>>> print(open('coords-v2.tsv').read())   # TSV, C-alpha atoms and all ligand atoms
chain	number	residue	atom	x	y	z
A	233	MET	CA	-18.91	10.12	-3.77
A	234	THR	CA	-18.68	7.64	-6.62
A	235	ARG	CA	-15.49	6.16	-7.99
A	236	GLU	CA	-15.74	8.54	-10.98
A	237	ASP	CA	-16.20	11.59	-8.70
A	238	ILE	CA	-13.14	10.59	-6.70
A	239	LEU	CA	-11.00	10.11	-9.79
A	240	SER	CA	-11.98	13.43	-11.31
A	241	LYS	CA	-11.48	15.27	-8.00
A	242	TYR	CA	-8.05	13.69	-7.41
A	243	PRO	CA	-6.40	13.14	-10.79
A	244	ASP	CA	-3.14	12.17	-9.07
A	245	ILE	CA	-4.63	8.92	-7.71
A	246	THR	CA	-3.45	5.86	-9.62
A	247	LEU	CA	-6.20	3.28	-9.88
A	248	THR	CA	-4.32	0.19	-11.02
A	249	ASP	CA	-6.94	-1.18	-13.37
A	250	HIS	CA	-4.79	-3.72	-15.20
A	251	PRO	CA	-6.90	-6.83	-15.99
A	252	PHE	CA	-4.56	-9.17	-14.00
A	253	ILE	CA	-4.89	-6.91	-10.96
A	254	GLN	CA	-8.67	-6.73	-11.30
A	255	HIS	CA	-8.90	-10.52	-11.69
A	256	LYS	CA	-6.87	-11.12	-8.55
A	257	LEU	CA	-8.86	-8.54	-6.57
A	258	THR	CA	-12.05	-10.38	-7.51
A	259	SER	CA	-10.55	-13.64	-6.21
A	260	LEU	CA	-9.83	-11.86	-2.92
A	261	ARG	CA	-13.45	-10.74	-2.67
A	262	ASP	CA	-14.74	-14.28	-3.14
A	263	LYS	CA	-15.62	-15.70	0.29
A	264	THR	CA	-14.69	-19.23	-0.85
A	265	THR	CA	-11.05	-18.22	-1.46
A	266	SER	CA	-8.85	-20.16	0.98
A	267	THR	CA	-6.45	-18.57	3.47
A	268	ARG	CA	-3.48	-19.96	1.52
A	269	GLU	CA	-4.72	-18.53	-1.77
A	270	PHE	CA	-5.73	-15.22	-0.16
A	271	ARG	CA	-2.26	-14.75	1.30
A	272	MET	CA	-0.60	-15.60	-2.01
A	273	LEU	CA	-2.83	-13.18	-3.92
A	274	VAL	CA	-2.17	-10.31	-1.51
A	275	GLU	CA	1.56	-10.85	-1.98
A	276	GLU	CA	1.24	-10.99	-5.78
A	277	LEU	CA	-0.82	-7.81	-5.75
A	278	GLY	CA	1.84	-6.13	-3.62
A	279	THR	CA	4.34	-6.84	-6.40
A	280	LEU	CA	2.01	-5.69	-9.18
A	281	ILE	CA	0.86	-2.47	-7.53
A	282	GLY	CA	4.36	-1.89	-6.13
A	283	TYR	CA	5.60	-1.96	-9.73
A	284	GLU	CA	3.26	0.94	-10.57
A	285	ALA	CA	4.16	2.84	-7.41
A	286	THR	CA	7.88	2.75	-8.27
A	287	ARG	CA	7.56	3.58	-11.98
A	288	ASP	CA	9.17	7.02	-11.52
A	289	LEU	CA	12.24	5.93	-9.50
A	290	ASP	CA	15.39	7.55	-10.85
A	291	THR	CA	17.95	5.57	-12.81
A	292	VAL	CA	21.54	6.36	-13.69
A	293	GLU	CA	23.68	5.09	-16.59
A	294	VAL	CA	26.62	2.86	-15.64
A	295	GLU	CA	29.19	1.22	-17.83
A	296	ILE	CA	29.03	-2.57	-17.98
A	297	GLU	CA	30.62	-5.10	-20.26
A	298	THR	CA	28.40	-7.54	-22.10
A	299	PRO	CA	30.08	-10.64	-23.60
A	300	LEU	CA	30.33	-8.60	-26.83
A	301	GLU	CA	31.17	-5.01	-25.87
A	302	LYS	CA	31.08	-2.23	-23.32
A	303	ALA	CA	27.74	-0.46	-22.94
A	304	MET	CA	26.20	2.31	-20.86
A	305	CYS	CA	23.03	0.92	-19.26
A	306	PRO	CA	20.56	2.15	-16.61
A	307	VAL	CA	20.49	0.96	-13.01
A	308	LEU	CA	18.42	2.27	-10.11
A	309	LYS	CA	20.02	5.46	-8.82
A	310	GLY	CA	20.15	4.07	-5.34
A	311	LYS	CA	17.86	6.36	-3.38
A	312	LYS	CA	17.11	4.07	-0.52
A	313	LEU	CA	13.71	2.41	-0.46
A	314	CYS	CA	11.74	1.63	2.68
A	315	VAL	CA	8.53	-0.38	2.72
A	316	VAL	CA	6.39	0.44	5.75
A	317	THR	CA	3.72	-2.04	6.78
A	318	ILE	CA	0.72	-1.04	8.84
A	319	MET	CA	0.35	-4.18	10.93
A	320	ARG	CA	-0.87	-6.68	10.70
A	321	ALA	CA	-2.64	-6.86	7.34
A	322	GLY	CA	0.02	-4.76	5.64
A	323	ASN	CA	2.66	-7.45	6.19
A	324	GLY	CA	1.46	-9.64	3.31
A	325	LEU	CA	1.37	-6.71	0.92
A	326	ALA	CA	4.85	-5.58	2.03
A	327	GLU	CA	6.29	-9.02	1.16
A	328	GLY	CA	5.03	-8.54	-2.39
A	329	VAL	CA	6.58	-5.07	-2.74
A	330	LEU	CA	9.87	-6.45	-1.38
A	331	LYS	CA	10.00	-8.94	-4.26
A	332	LEU	CA	10.76	-5.90	-6.46
A	333	SER	CA	13.55	-4.70	-4.22
A	334	PRO	CA	14.68	-7.40	-1.78
A	335	SER	CA	17.29	-5.13	-0.20
A	336	ALA	CA	14.77	-2.43	0.72
A	337	ARG	CA	14.49	-1.66	4.41
A	338	VAL	CA	11.24	-2.40	6.23
A	339	GLY	CA	9.43	-0.25	8.79
A	340	HIS	CA	6.61	-1.44	11.02
A	341	VAL	CA	3.74	0.63	12.35
A	342	GLY	CA	1.38	-1.05	14.82
A	343	LEU	CA	-1.96	0.66	15.37
A	344	TYR	CA	-5.12	-0.53	17.08
A	345	ARG	CA	-8.52	1.08	17.07
A	346	ASP	CA	-9.66	2.48	20.42
A	347	PRO	CA	-13.16	1.04	20.89
A	348	GLU	CA	-14.36	4.25	22.62
A	349	THR	CA	-12.94	6.97	20.40
A	350	LYS	CA	-12.71	4.79	17.24
A	351	GLN	CA	-9.35	6.48	16.65
A	352	PRO	CA	-6.10	4.58	15.96
A	353	VAL	CA	-3.64	4.28	18.83
A	354	GLU	CA	0.03	3.49	18.23
A	355	TYR	CA	1.40	0.39	19.98
A	356	TYR	CA	4.53	-0.17	17.89
A	357	LEU	CA	6.82	1.87	15.67
A	358	LYS	CA	10.14	0.66	14.32
A	359	MET	CA	11.79	2.38	11.38
A	360	PRO	CA	15.24	2.18	9.79
A	361	HIS	CA	17.59	5.16	10.11
A	362	SER	CA	17.64	8.10	7.66
A	363	VAL	CA	13.91	8.07	6.91
A	364	ASN	CA	14.36	11.56	5.40
A	365	GLU	CA	16.66	10.17	2.67
A	366	ARG	CA	14.40	7.31	1.60
A	367	THR	CA	11.50	6.72	-0.70
A	368	ILE	CA	8.85	5.47	1.71
A	369	ILE	CA	6.11	3.10	0.51
A	370	VAL	CA	3.40	2.68	3.15
A	371	VAL	CA	1.18	-0.37	2.61
A	372	ASP	CA	-2.17	-1.47	4.01
A	373	PRO	CA	-4.63	-3.64	2.03
A	374	MET	CA	-7.71	-1.74	3.23
A	375	LEU	CA	-8.25	2.04	3.32
A	376	ALA	CA	-11.54	2.24	5.23
A	377	THR	CA	-11.95	5.42	7.32
A	378	GLY	CA	-8.38	6.35	6.41
A	379	ASN	CA	-7.48	7.04	10.06
A	380	SER	CA	-4.70	4.42	10.32
A	381	ALA	CA	-3.04	5.38	7.03
A	382	ILE	CA	-3.25	9.08	7.92
A	383	MET	CA	-1.64	8.44	11.30
A	384	ALA	CA	1.08	6.22	9.81
A	385	ILE	CA	1.97	8.93	7.30
A	386	ASP	CA	1.87	11.58	10.05
A	387	LYS	CA	4.55	9.51	11.80
A	388	MET	CA	6.67	9.28	8.63
A	389	LYS	CA	6.49	13.06	8.17
A	390	GLU	CA	7.36	13.65	11.84
A	391	MET	CA	10.48	11.55	11.21
A	392	GLY	CA	11.42	13.77	8.26
A	393	ALA	CA	10.17	11.73	5.28
A	394	THR	CA	9.31	13.79	2.21
A	395	ASP	CA	8.96	11.15	-0.55
A	396	ILE	CA	6.01	9.04	0.59
A	397	ARG	CA	3.69	6.81	-1.45
A	398	PHE	CA	0.72	4.81	-0.20
A	399	ILE	CA	-0.51	1.49	-1.60
A	400	CYS	CA	-3.81	-0.22	-0.80
A	401	LEU	CA	-5.90	-2.90	-2.49
A	402	PHE	CA	-9.38	-1.65	-1.60
A	403	ALA	CA	-10.43	1.88	-0.65
A	404	ALA	CA	-13.67	3.50	0.43
A	405	PRO	CA	-14.43	6.97	-1.01
A	406	GLU	CA	-14.74	8.31	2.56
A	407	GLY	CA	-11.23	7.06	3.36
A	408	ILE	CA	-9.74	8.57	0.23
A	409	GLU	CA	-11.33	11.95	0.97
A	410	ALA	CA	-9.98	11.94	4.54
A	411	PHE	CA	-6.56	10.79	3.36
A	412	LYS	CA	-6.30	13.45	0.66
A	413	GLU	CA	-7.43	16.14	3.08
A	414	ALA	CA	-4.68	15.18	5.53
A	415	HIS	CA	-1.95	14.34	3.00
A	416	PRO	CA	-2.63	15.93	-0.38
A	417	ASP	CA	1.05	15.50	-1.26
A	418	THR	CA	1.16	11.73	-0.79
A	419	ALA	CA	0.69	9.68	-3.97
A	420	MET	CA	-1.93	6.93	-3.72
A	421	TYR	CA	-1.92	3.64	-5.64
A	422	ILE	CA	-5.23	1.85	-5.27
A	423	GLY	CA	-6.46	-1.50	-6.60
A	424	ALA	CA	-10.21	-0.79	-6.39
A	425	ILE	CA	-12.45	1.99	-5.12
A	426	ASP	CA	-15.48	0.38	-3.50
A	427	ARG	CA	-18.98	1.68	-2.78
A	428	GLY	CA	-18.47	2.84	0.80
A	429	LEU	CA	-18.33	1.92	4.47
A	430	ASP	CA	-20.94	0.10	6.53
A	431	GLU	CA	-21.86	0.96	10.13
A	432	LYS	CA	-18.91	-1.09	11.42
A	433	ALA	CA	-16.51	0.73	9.06
A	434	TYR	CA	-16.09	-2.32	6.82
A	435	ILE	CA	-15.57	-1.58	3.14
A	436	ARG	CA	-18.52	-2.75	0.98
A	437	PRO	CA	-18.46	-4.94	-1.02
A	438	GLY	CA	-14.83	-5.39	0.13
A	439	VAL	CA	-13.30	-8.62	1.35
A	440	GLY	CA	-14.30	-8.66	5.04
A	441	ASP	CA	-11.48	-8.48	7.58
A	442	ALA	CA	-8.28	-8.60	5.52
A	443	GLY	CA	-6.05	-9.52	8.49
A	444	ASP	CA	-8.31	-12.43	9.45
A	445	ARG	CA	-8.41	-13.66	5.88
A	446	ILE	CA	-4.62	-13.44	5.42
A	447	TYR	CA	-3.89	-15.25	8.67
A	448	GLY	CA	-6.96	-17.49	8.95
A	449	THR	CA	-7.99	-16.06	12.30
A	450	GLN	CA	-11.67	-15.43	11.66
B	1	LIG	N1	-10.21	-3.41	7.55
B	1	LIG	C1	-10.51	-4.60	6.97
B	1	LIG	O1	-9.78	-5.57	7.14
B	1	LIG	N2	-11.61	-4.67	6.21
B	1	LIG	C2	-12.41	-3.64	5.99
B	1	LIG	O2	-13.39	-3.78	5.27
B	1	LIG	C3	-12.09	-2.41	6.59
B	1	LIG	C4	-10.99	-2.32	7.38
>>> encode(input="coords-v2.tsv", output="structure tokens", more="lines below")
Ligand code: URA
Amino acid sequence: MTREDILSKYPDITLTDHPFIQHKLTSLRDKTTSTREFRMLVEELGTLIGYEATRDLDTVEVEIETPLEKAMCPVLKGKKLCVVTIMRAGNGLAEGVLKLSPSARVGHVGLYRDPETKQPVEYYLKMPHSVNERTIIVVDPMLATGNSAIMAIDKMKEMGATDIRFICLFAAPEGIEAFKEAHPDTAMYIGAIDRGLDEKAYIRPGVGDAGDRIYGTQ
């Protein structure tokens, strides 16, 4: 499936095609981009895409006093936010989203890929209380096969979450299809839809291993 096919099949996907976002994604793709710069860019993109993913949060009018007069002005309604990182590459993106809402809670999901079955296996799960009352933003820079994101969102739903959004920087059409099949009700905010997966399930053209590039472990 091409990018256009995906977008017409799933009109609820937000492809964040703002020129600043596209520029920064291109810098991530560049193999000469340093670890320091890569990490900074991932964080900045977390803030920019996080901004789109929270556009519909409810506000409520409160009375405040400016130096000149009283006024009714909007503030966030206070539904609790929780940013959930799929470790380890999600951590950098989560930091960027947290810039928008520093008091948000943070959940961690640790998954590794079983070399035999190629399926994700959970090794860590730590969430704040009252997951069912929160807006949950799950973040992972790369949506490749979609298996990890699907499993992370399965976990959120098992814990009672109903308002879940997913942010990634790069997605393969195969991953989006699998994700939407499993979780048609979860809003997706995507930086770029790439051509597809290679035989090792890397996104092409992609950025290579996002975790290695964020942490300089390649
Ligand atoms: N995870 C990555 O870090 N990169 C890919 O291309 C796919 C999955």
>>> closest_atom_pairs(input="coords-v2.tsv", of="chain A", to="ligand LIG 1 (chain B)", cutoff="7 Å", atoms="all atoms listed in the file", output="CSV")
residue,atom,partner,partner_atom,distance
A:Met374,CA,B:LIG1,N1,5.3
A:Leu375,CA,B:LIG1,C4,6.6
A:Ala376,CA,B:LIG1,C3,4.9
A:Ala433,CA,B:LIG1,C3,6.0
A:Tyr434,CA,B:LIG1,O2,3.4
A:Ile435,CA,B:LIG1,O2,3.8
A:Arg436,CA,B:LIG1,O2,6.8
A:Gly438,CA,B:LIG1,O2,5.6
A:Val439,CA,B:LIG1,O2,6.2
A:Gly440,CA,B:LIG1,N2,5.0
A:Asp441,CA,B:LIG1,O1,3.4
A:Ala442,CA,B:LIG1,O1,3.7
A:Gly443,CA,B:LIG1,O1,5.6
>>> residues_around(input="coords-v2.tsv", residues="A:Ala384", least_positions_apart="4", cutoff="7 Å", atoms="all atoms listed in the file", output="list of chain:residue names")
A:Val341, A:Ser380, A:Met388
>>> residues_around(input="coords-v2.tsv", residues="A:Pro373", least_positions_apart="5", cutoff="7 Å", atoms="all atoms listed in the file", output="PDB file with C-alpha atoms, keeping the file's coordinate frame")
ATOM      1  CA  ALA A 321      -2.640  -6.860   7.340  1.00  0.00           C
ATOM      2  CA  GLY A 322       0.020  -4.760   5.640  1.00  0.00           C
ATOM      3  CA  LEU A 325       1.370  -6.710   0.920  1.00  0.00           C
ATOM      4  CA  CYS A 400      -3.810  -0.220  -0.800  1.00  0.00           C
ATOM      5  CA  LEU A 401      -5.900  -2.900  -2.490  1.00  0.00           C
ATOM      6  CA  PHE A 402      -9.380  -1.650  -1.600  1.00  0.00           C
TER       7      PHE A 402
END
>>> closest_residue(input="coords-v2.tsv", among="A:Ala381, A:Ala403, A:Val353, A:Met319", to="A:Ala424", atoms="all atoms listed in the file")
A:Ala403
>>> residues_around(input="coords-v2.tsv", residues="A:Glu269", least_positions_apart="4", cutoff="9 Å", atoms="all atoms listed in the file", output="PyMOL selection string")
chain A and resi 259-260+265+273-274+446
>>> axis_aligned_box(input="coords-v2.tsv", around="stretch 348-364 of chain A", padding_each_side="5 Å", output="lines of an AutoDock Vina configuration file")
center_x = 1.6
center_y = 5.7
center_z = 14.0
size_x = 42.0
size_y = 21.7
size_z = 27.2
>>> atom_distance(input="coords-v2.tsv", atom1="atom CA of A:Leu429", atom2="atom CA of A:Thr377")
7.8 Å
>>> residues_around(input="coords-v2.tsv", residues="A:Leu239", least_positions_apart="3", cutoff="12 Å", atoms="only C-alpha atoms", output="list in words")
Met233, Thr234, Arg235, Glu236, Tyr242, Pro243, Asp244, Ile245, Thr246, Leu247, Pro405, Ile408, Glu409, Lys412, Met420, Tyr421, Ile422, Ala424 and Ile425 of chain A
>>> residues_near_point(input="coords-v2.tsv", point="(10.7, -8.2, -8.2)", cutoff="12 Å", atoms="only C-alpha atoms", output="list in words")
Glu275, Glu276, Leu277, Gly278, Thr279, Leu280, Ile281, Gly282, Tyr283, Thr286, Glu327, Gly328, Val329, Leu330, Lys331, Leu332, Ser333, Pro334, Ser335 and Ala336 of chain A
>>> atom_distance(input="coords-v2.tsv", atom1="atom CA of A:Gly342", atom2="atom CA of A:Ile399")
16.7 Å
>>> residues_around(input="coords-v2.tsv", residues="stretch 299-309 of chain A", least_positions_apart="6", cutoff="10 Å", atoms="all atoms listed in the file", output="PyMOL selection string")
chain A and resi 289-293
>>> atom_distance(input="coords-v2.tsv", atom1="atom CA of A:Gly407", atom2="atom CA of A:Ser362")
29.2 Å
>>> closest_residue(input="coords-v2.tsv", among="A:Asp249, A:Asp395, A:Asp237, A:Glu297", to="A:Ile368", atoms="all atoms listed in the file")
A:Asp395
>>> closest_residue(input="coords-v2.tsv", among="A:Lys350, A:Val315, A:Ala285, A:Ser266", to="A:Thr248", atoms="only C-alpha atoms")
A:Ala285
>>> closest_residue(input="coords-v2.tsv", among="A:Val294, A:Ala326, A:Ile238, A:Ala414", to="A:Cys314", atoms="all atoms listed in the file")
A:Ala326
